[in-house]
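Okay, structure first, notes after.
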Amino acid sequence: MTELISADPQISLRRQCELLELSRQRRAAGLSSEVDVVEAAAELGSAQAQLPAFELTITQDINQLSRLLAREPDALRAELESEVAIPAVPASVPIGLPATLARRRPDIRKAEADLHAATAQIGVAVAGLYPSVTLTGAGGMQSETAGELTQWASRFFSFGPTLELPMFDRGRWQTVSLQRVREKEAAATYANTVLNALHEVENARAAYDADQDRQAWLQNTVAQNRDALDLTRARYRSGVASFIEVLDAERTLRQNELALAQSQTAVSEDLVALYRALGGGWD
């Protein structure tokens with residue numbers, strides 16, 4: 001079993017039942033007072049009172065996952081309630097170079113595409129300022145009377161180039177200026193997007209490392225708490241330790257087991273956050 005399964009409230013409940021039975025045995029043998037039995041029963045009741053909250057959280061999580069998969073409530077209960085170990089996480093995740101990060105994250109790729117598009121629009125706007133020459137022609141017949149329309153002299157033709165100089169068009173210059181402003185905005189957005197991505201990666205990596213260190217310390221602490229509880233119980237059986245010492249050792253172990261379970265959850269969430277910040281897609 002993993003440390004997280006050891007933090008199961010049912011296991012804590014069984015320890016409380018064993019402690020209650022031990023206090024009853026000592027009371028029956030005249031080695032302790034009724035106070036120990038009452039305190040053990042109260043501690044067991046406190047542990048039992050926490051079970052409904054755990055069950056509610058489990059049900060809500062299962063229903064949320066079922067909804068995300070477009071399934072009916074409780075559809076995944078049989079699959080998710082089975083007791084399995086948390087998948088092992090890597091000690092470290094390859095971060096790679098910022099250039100590879102820019103190719104993996106969709107937000108950076110979008111900002112880069114927007115910058116390219118804005119730059120291209122400047123070229124289009126500048127090209128619109130170039131002078132253009134258009135060759136035009138016209139022809140027809142013209143006469144004061146209908147009878148003269150068939151005569152050659154009534155026909156006319158006109159050919160000639162038309163020169164356009166858009167560079168003197170104030171509106172087109174304003175368009176060029178506007179496109180340049182948009183390019184600067186796109187460039188600033190791109191730089192800011194890359195900078196935010198680098199910060200997200202670094203923060204996610206730092207959180208992942210910190211929670212792994214915390215988990216390692218808690219694993220060692222829980223192991224020591226278990227040894228302390230076993231020793232305190234043995235001392236209580238022999239009449240050397242008081243029942244209060246046993247309760248204190250049990251509560252300390254329970255608190256640190258819960259903290260260890262939460263730490264394992266945090267490490268897994270940190271790994272997901274790091275993968276998301278990296279954008280995925282690496283070997």
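Here, A, B, ... name the chains of the structure tokens in the order displayed, residue numbers run from 1 inside each chain, and ligands are numbered from 1 in the same displayed order.
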
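Residues surrounding segment 30-36 of chain A within 9 Å are Leu20, Ser23, Arg24, Gln25, Arg26, Ala40, Ala41, Arg237, Gly239, Phe243 and Ile244 of chain A [only C-alpha atoms; sequence separation below 4 positions excluded].
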
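For segment 204-212 of chain A, the residues within 7 Å (counting only C-alpha atoms, excluding itself and residues fewer than 6 positions away along the chain) are Ser263, Ala266, Val267, Asp270, Leu271, Ala273 and Leu274 of chain A.
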
Pull N, CA and C atoms from the residues just selected and write them as a PDB file, in the first residue's frame.
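Saved result, again_2.pdb, follows:
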```
ATOM      1  N   SER A 263      -0.215  16.186   0.481  1.00  0.00           N
ATOM      2  CA  SER A 263       1.035  16.482  -0.208  1.00  0.00           C
ATOM      3  C   SER A 263       1.164  15.659  -1.485  1.00  0.00           C
ATOM      4  N   ALA A 266      -0.965  17.220  -4.007  1.00  0.00           N
ATOM      5  CA  ALA A 266      -0.358  18.460  -4.494  1.00  0.00           C
ATOM      6  C   ALA A 266       0.744  18.170  -5.502  1.00  0.00           C
ATOM      7  N   VAL A 267       1.545  17.140  -5.272  1.00  0.00           N
ATOM      8  CA  VAL A 267       2.618  16.797  -6.212  1.00  0.00           C
ATOM      9  C   VAL A 267       2.033  16.408  -7.567  1.00  0.00           C
ATOM     10  N   ASP A 270       0.765  19.487  -9.218  1.00  0.00           N
ATOM     11  CA  ASP A 270       1.896  20.292  -9.687  1.00  0.00           C
ATOM     12  C   ASP A 270       2.456  19.737 -10.994  1.00  0.00           C
ATOM     13  N   LEU A 271       2.500  18.408 -11.113  1.00  0.00           N
ATOM     14  CA  LEU A 271       3.004  17.797 -12.340  1.00  0.00           C
ATOM     15  C   LEU A 271       2.100  18.134 -13.523  1.00  0.00           C
ATOM     16  N   ALA A 273       0.179  20.768 -13.740  1.00  0.00           N
ATOM     17  CA  ALA A 273       0.371  22.199 -14.014  1.00  0.00           C
ATOM     18  C   ALA A 273       1.673  22.444 -14.790  1.00  0.00           C
ATOM     19  N   LEU A 274       2.718  21.679 -14.479  1.00  0.00           N
ATOM     20  CA  LEU A 274       3.990  21.832 -15.185  1.00  0.00           C
ATOM     21  C   LEU A 274       3.852  21.371 -16.629  1.00  0.00           C
TER      22      LEU A 274
END
```

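Across the structure, atom CA of Leu115 of chain A and atom CA of Tyr275 of chain A are spaced 25.9 Å apart.
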
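As for atom CA of Val194 of chain A and atom CA of Ile108 of chain A, they are spaced 6.3 Å apart.
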
Exercise: Tyr190 of chain A partners within 10 Å, only C-alpha atoms, chain neighbours under 2 positions left out, as a PyMOL selection string | chain A and resi 107-115+184-188+192-196

Selected residue, from A:Arg254, A:Arg235, A:Arg104, A:Arg180, that lies nearest to Ile11 of chain A when counting only C-alpha atoms = A:Arg254

Write out as a PyMOL selection string which residues come within 12 Å of Thr221 of chain A when counting only C-alpha atoms, dropping same-chain ones fewer than 3 positions away.
-> chain A and resi 3+214-218+224-228+252-260

For the selection you just gave me, I'd like the residues written to a file as a tab-separated table (two decimals), in the first residue's frame, keeping N, CA and C atoms.
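Final file, selection.tsv:
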```
chain	number	residue	atom	x	y	z
A	3	GLU	N	1.46	5.41	0.92
A	3	GLU	CA	1.21	6.23	2.10
A	3	GLU	C	-0.17	6.86	2.06
A	214	ARG	N	8.62	18.43	0.38
A	214	ARG	CA	7.70	18.35	1.52
A	214	ARG	C	7.17	16.94	1.69
A	215	GLN	N	6.84	16.28	0.59
A	215	GLN	CA	6.33	14.92	0.66
A	215	GLN	C	7.37	13.98	1.27
A	216	ALA	N	8.63	14.14	0.87
A	216	ALA	CA	9.69	13.28	1.40
A	216	ALA	C	9.83	13.46	2.92
A	217	TRP	N	9.76	14.71	3.38
A	217	TRP	CA	9.85	14.96	4.82
A	217	TRP	C	8.65	14.38	5.55
A	218	LEU	N	7.47	14.51	4.97
A	218	LEU	CA	6.27	13.97	5.62
A	218	LEU	C	6.29	12.45	5.68
A	224	GLN	N	8.06	7.90	11.60
A	224	GLN	CA	8.45	8.10	12.99
A	224	GLN	C	7.22	8.16	13.90
A	225	ASN	N	6.12	8.79	13.42
A	225	ASN	CA	4.89	8.85	14.22
A	225	ASN	C	4.33	7.47	14.49
A	226	ARG	N	4.42	6.58	13.50
A	226	ARG	CA	3.92	5.22	13.70
A	226	ARG	C	4.75	4.47	14.74
A	227	ASP	N	6.05	4.66	14.65
A	227	ASP	CA	6.91	4.03	15.66
A	227	ASP	C	6.60	4.58	17.05
A	228	ALA	N	6.39	5.90	17.11
A	228	ALA	CA	6.08	6.52	18.40
A	228	ALA	C	4.76	6.00	18.95
A	252	THR	N	-1.45	12.90	16.50
A	252	THR	CA	-0.32	13.41	15.71
A	252	THR	C	-0.13	12.57	14.45
A	253	LEU	N	-0.23	11.25	14.59
A	253	LEU	CA	-0.09	10.38	13.43
A	253	LEU	C	-1.20	10.65	12.42
A	254	ARG	N	-2.42	10.81	12.90
A	254	ARG	CA	-3.55	11.04	11.98
A	254	ARG	C	-3.38	12.36	11.23
A	255	GLN	N	-2.96	13.39	11.93
A	255	GLN	CA	-2.77	14.69	11.27
A	255	GLN	C	-1.68	14.63	10.21
A	256	ASN	N	-0.57	13.97	10.52
A	256	ASN	CA	0.52	13.90	9.55
A	256	ASN	C	0.20	12.95	8.40
A	257	GLU	N	-0.58	11.92	8.63
A	257	GLU	CA	-1.02	11.07	7.53
A	257	GLU	C	-1.90	11.85	6.56
A	258	LEU	N	-2.79	12.66	7.11
A	258	LEU	CA	-3.63	13.50	6.26
A	258	LEU	C	-2.79	14.51	5.50
A	259	ALA	N	-1.81	15.11	6.16
A	259	ALA	CA	-0.93	16.06	5.49
A	259	ALA	C	-0.13	15.37	4.38
A	260	LEU	N	0.28	14.12	4.60
A	260	LEU	CA	1.01	13.38	3.58
A	260	LEU	C	0.11	13.10	2.38
```

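In this structure, atom CA of Val37 of chain A sits 15.8 Å away from atom CA of Leu13 of chain A.
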
Leaving out segment 79-84 of chain A and any residue of its chain fewer than 2 positions from it, which residues lie within 8 Å of it when counting only C-alpha atoms, given as a VMD selection string?
-> chain A and resid 5 62 76 to 77 86

Selection export as a compact mmCIF listing (two decimals), in the first residue's frame, atoms kept: N, CA and C atoms:
```
# COMPACT_ATOMS: atom_id res chain seq x y z
N ILE A 5 -2.97 5.52 0.85
CA ILE A 5 -3.96 4.55 1.30
C ILE A 5 -3.88 4.37 2.80
N ILE A 62 -16.72 12.12 -8.01
CA ILE A 62 -17.13 11.11 -8.99
C ILE A 62 -18.18 11.69 -9.93
N LEU A 76 -19.18 6.33 -12.73
CA LEU A 76 -17.79 5.92 -12.58
C LEU A 76 -17.45 5.41 -11.19
N ARG A 77 -18.45 5.25 -10.33
CA ARG A 77 -18.17 4.88 -8.94
C ARG A 77 -17.45 3.54 -8.84
N ILE A 86 -1.41 5.69 -6.15
CA ILE A 86 -1.23 6.87 -6.99
C ILE A 86 -0.05 6.60 -7.93
```

When DSSP works through the backbone of this structure, what residues of segment 156-271 of chain A end up as strand (DSSP E), shown as an NGL selection string?
-> :A and (156-164)

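Around Ala75 of chain A, within 12 Å and counting only C-alpha atoms, the residues found are Thr59, Asp61, Ile62, Asn63, Gln64, Leu65, Ser66, Arg67, Leu68, Leu69, Ala70, Arg71, Glu72, Pro73, Arg77, Ala78, Glu79, Leu80 and Glu81 of chain A, once anything fewer than 2 positions away on its own chain is removed.
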
Next, dump the selected residues to file, keeping only C-alpha atoms, as a PDB file, in the first residue's frame.
```pdb
ATOM      1  CA  THR A  59     -19.432  11.397  -4.364  1.00  0.00           C
ATOM      2  CA  ASP A  61     -15.742  14.222  -7.296  1.00  0.00           C
ATOM      3  CA  ILE A  62     -17.126  11.115  -8.994  1.00  0.00           C
ATOM      4  CA  ASN A  63     -20.171  13.017 -10.219  1.00  0.00           C
ATOM      5  CA  GLN A  64     -18.020  15.864 -11.517  1.00  0.00           C
ATOM      6  CA  LEU A  65     -15.862  13.459 -13.506  1.00  0.00           C
ATOM      7  CA  SER A  66     -18.974  11.686 -14.790  1.00  0.00           C
ATOM      8  CA  ARG A  67     -20.405  14.986 -15.966  1.00  0.00           C
ATOM      9  CA  LEU A  68     -17.187  15.889 -17.792  1.00  0.00           C
ATOM     10  CA  LEU A  69     -17.465  12.574 -19.646  1.00  0.00           C
ATOM     11  CA  ALA A  70     -21.167  13.161 -20.405  1.00  0.00           C
ATOM     12  CA  ARG A  71     -22.130  10.251 -18.176  1.00  0.00           C
ATOM     13  CA  GLU A  72     -24.905   9.925 -15.638  1.00  0.00           C
ATOM     14  CA  PRO A  73     -24.212  10.492 -11.902  1.00  0.00           C
ATOM     15  CA  ARG A  77     -18.167   4.884  -8.940  1.00  0.00           C
ATOM     16  CA  ALA A  78     -17.314   1.216  -9.467  1.00  0.00           C
ATOM     17  CA  GLU A  79     -14.168   2.174 -11.348  1.00  0.00           C
ATOM     18  CA  LEU A  80     -13.005   5.023  -9.110  1.00  0.00           C
ATOM     19  CA  GLU A  81     -13.766   3.496  -5.717  1.00  0.00           C
TER      20      GLU A  81
END
```
